[in-house]
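Chemist: My questions will all concern the structure given below.
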Amino acid sequence: TQLLEQSPQFLSIQEGENLTVYCNSSSVFSSLQWYRQEPGEGPVLLVTVVTGGEVKKLKRLTFQFGDARKDSSLHITAAQPGDTGLYLCAGDPTDSWGKLQFGAGTQVVVTP
Amino acid sequence: DAGITQSPRHKVTETGTPVTLRCHQTENHRYMYWYRQDPGHGLRLIHYSYGVKDTDKGEVSDGYSVSRSKTEDFLLTLESATSSQTSVYFCAISTSDRGFDGYTFGSGTRLTVV
């Protein structure tokens with residue numbers, strides 16, 4: 001059973017379009033991270049959100065943590081081919097510091 | 001940046017043989033983790049360590065053991081490999097010992113059990 005549910009599982013869009021990836025859970029997290037993974041490599045940390053309602057921006061990427069600290073979203077504005085990758089959300093449960101629970105991931109493909 | 005290397009990068013082994021995967025970090029971070037990644041399951045925690053000789057089980061620890069005799073090395077052993085252990089294995093470290101700021105991952109080991 002996946003503690004964190006990501007949707008959609010797959011997204012294919014054209015360069016310049018916007019996209020949103022969702023990460024939902026019934027559990028509360030101390031923090032939530034987003035990672036991007038490229039083929040043959042390990043995931044790379046993009047951002048950590050800690051406070052309920054927090055919004056963080058990283059260039060064209062906007063991350064939001066839900067008010068109840070159970071869900072999060074990643075929005076990409078004007079996607080570029082370099083944004084292609086597997087996006088993973090990961091939550092730090094309140095009862096087990098540092099033992100991340102990962103979602104299954106969203107594969108994003110941006111075509112020129 | 002924290003240096004973390006995994007070896008080997010690829011391995012094919014036969015069912016029933018023991019296999020050891022190595023994770024090496026170049027800094028003295030306390031927390032190290034082993035995950036496996038399978039399609040549809042994401043990353044699942046196998047074992048983790050919070051210091052030399054201090055290890056504990058994750059959610060999918062059956063069939064795996066770990067050892068950490070030095071801060072910089074965390075070994076994962078499959079005692080008797082099975083086909084269900086065919087997977088990509090990732091080692092990770094937590095670079096913050098005073099709070100949680102996410103993981104740094106190695107590049108992974110692709111293990112095939114035939």
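Letters A, B, ... go to the chains of the structure tokens in the order shown; residues in each chain start at 1; ligands are counted from 1 in the same order.
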Please report, as CSV, each residue of chain A lying at most 12 Å from chain B, together with the nearest pair of atoms and the separation in Å rounded to one decimal; use only C-alpha atoms, and order rows by chain and ascending residue number.

Modeler:
residue,atom,partner,partner_atom,distance
A:Thr1,CA,B:His41,CA,8.7
A:Gln2,CA,B:His41,CA,7.3
A:Leu3,CA,B:His41,CA,10.4
A:Leu4,CA,B:Gly42,CA,9.8
A:Glu5,CA,B:Gly42,CA,10.3
A:Gln6,CA,B:Gly42,CA,10.2
A:Gln9,CA,B:Gly40,CA,9.2
A:Phe10,CA,B:Gly40,CA,11.7
A:Phe29,CA,B:Phe100,CA,11.9
A:Ser30,CA,B:Phe100,CA,9.2
A:Ser31,CA,B:Phe100,CA,8.0
A:Leu32,CA,B:Gly102,CA,8.6
A:Gln33,CA,B:Gly102,CA,6.6
A:Trp34,CA,B:Gly102,CA,8.9
A:Tyr35,CA,B:Gly102,CA,9.2
A:Arg36,CA,B:Phe105,CA,11.3
A:Gln37,CA,B:Ser107,CA,10.1
A:Glu38,CA,B:Ser107,CA,10.2
A:Pro39,CA,B:Ser107,CA,10.0
A:Gly40,CA,B:Ser107,CA,7.1
A:Glu41,CA,B:Ser107,CA,4.7
A:Gly42,CA,B:Ser107,CA,4.6
A:Pro43,CA,B:Phe105,CA,6.2
A:Val44,CA,B:Thr104,CA,6.9
A:Leu45,CA,B:Gly102,CA,6.8
A:Leu46,CA,B:Gly102,CA,9.2
A:Val47,CA,B:Gly102,CA,8.3
A:Thr48,CA,B:Asp101,CA,6.5
A:Val49,CA,B:Asp101,CA,9.2
A:Val50,CA,B:Asp101,CA,9.6
A:Leu86,CA,B:Gly42,CA,10.4
A:Tyr87,CA,B:Gly42,CA,10.5
A:Leu88,CA,B:Gly42,CA,8.1
A:Cys89,CA,B:Gly42,CA,9.7
A:Ala90,CA,B:Gly102,CA,8.9
A:Gly91,CA,B:Gly102,CA,9.6
A:Asp92,CA,B:Phe100,CA,8.4
A:Pro93,CA,B:Phe100,CA,11.3
A:Thr94,CA,B:Phe100,CA,11.7
A:Ser96,CA,B:Gly58,CA,10.9
A:Trp97,CA,B:Phe100,CA,7.7
A:Gly98,CA,B:Phe100,CA,6.3
A:Lys99,CA,B:Leu45,CA,7.7
A:Leu100,CA,B:Leu45,CA,7.9
A:Gln101,CA,B:Arg44,CA,7.3
A:Phe102,CA,B:Leu43,CA,5.7
A:Gly103,CA,B:Gly42,CA,5.8
A:Ala104,CA,B:Gly42,CA,3.8
A:Gly105,CA,B:Gly42,CA,6.3
A:Thr106,CA,B:Gly42,CA,9.9
A:Gln107,CA,B:Pro39,CA,11.4

Chemist: Would you return as an MDAnalysis selection string the members of chain B that DSSP assigns to strand (DSSP E or B) on this structure's backbone?

Modeler: chainID B and resid 4:7 10:13 19:25 31:38 42:51 54:57 64:70 73:78 87:94 103:105 109:113

Chemist: Give me the residues near Ser49 (chain B) as a list in words, where near means some atom within 9 Å (using only C-alpha atoms) and where sequence neighbours in that chain fewer than 2 positions away do not count.

Modeler: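 After dropping sequence-adjacent residues, the list is Arg30, Tyr31, Met32, Tyr33, Trp34, His47, Gly51, Val52, Lys53, Asp54, Thr55, Asp56, Lys57, Val66, Ser67, Arg68 and Phe74 of chain B.
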
Chemist: Report, in Å to a single decimal, how far apart CA of Glu72 (chain B) and CA of Ser84 (chain B) are.

Modeler: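 Going from CA of Ser84 (chain B) over to CA of Glu72 (chain B), I get 28.7 Å.
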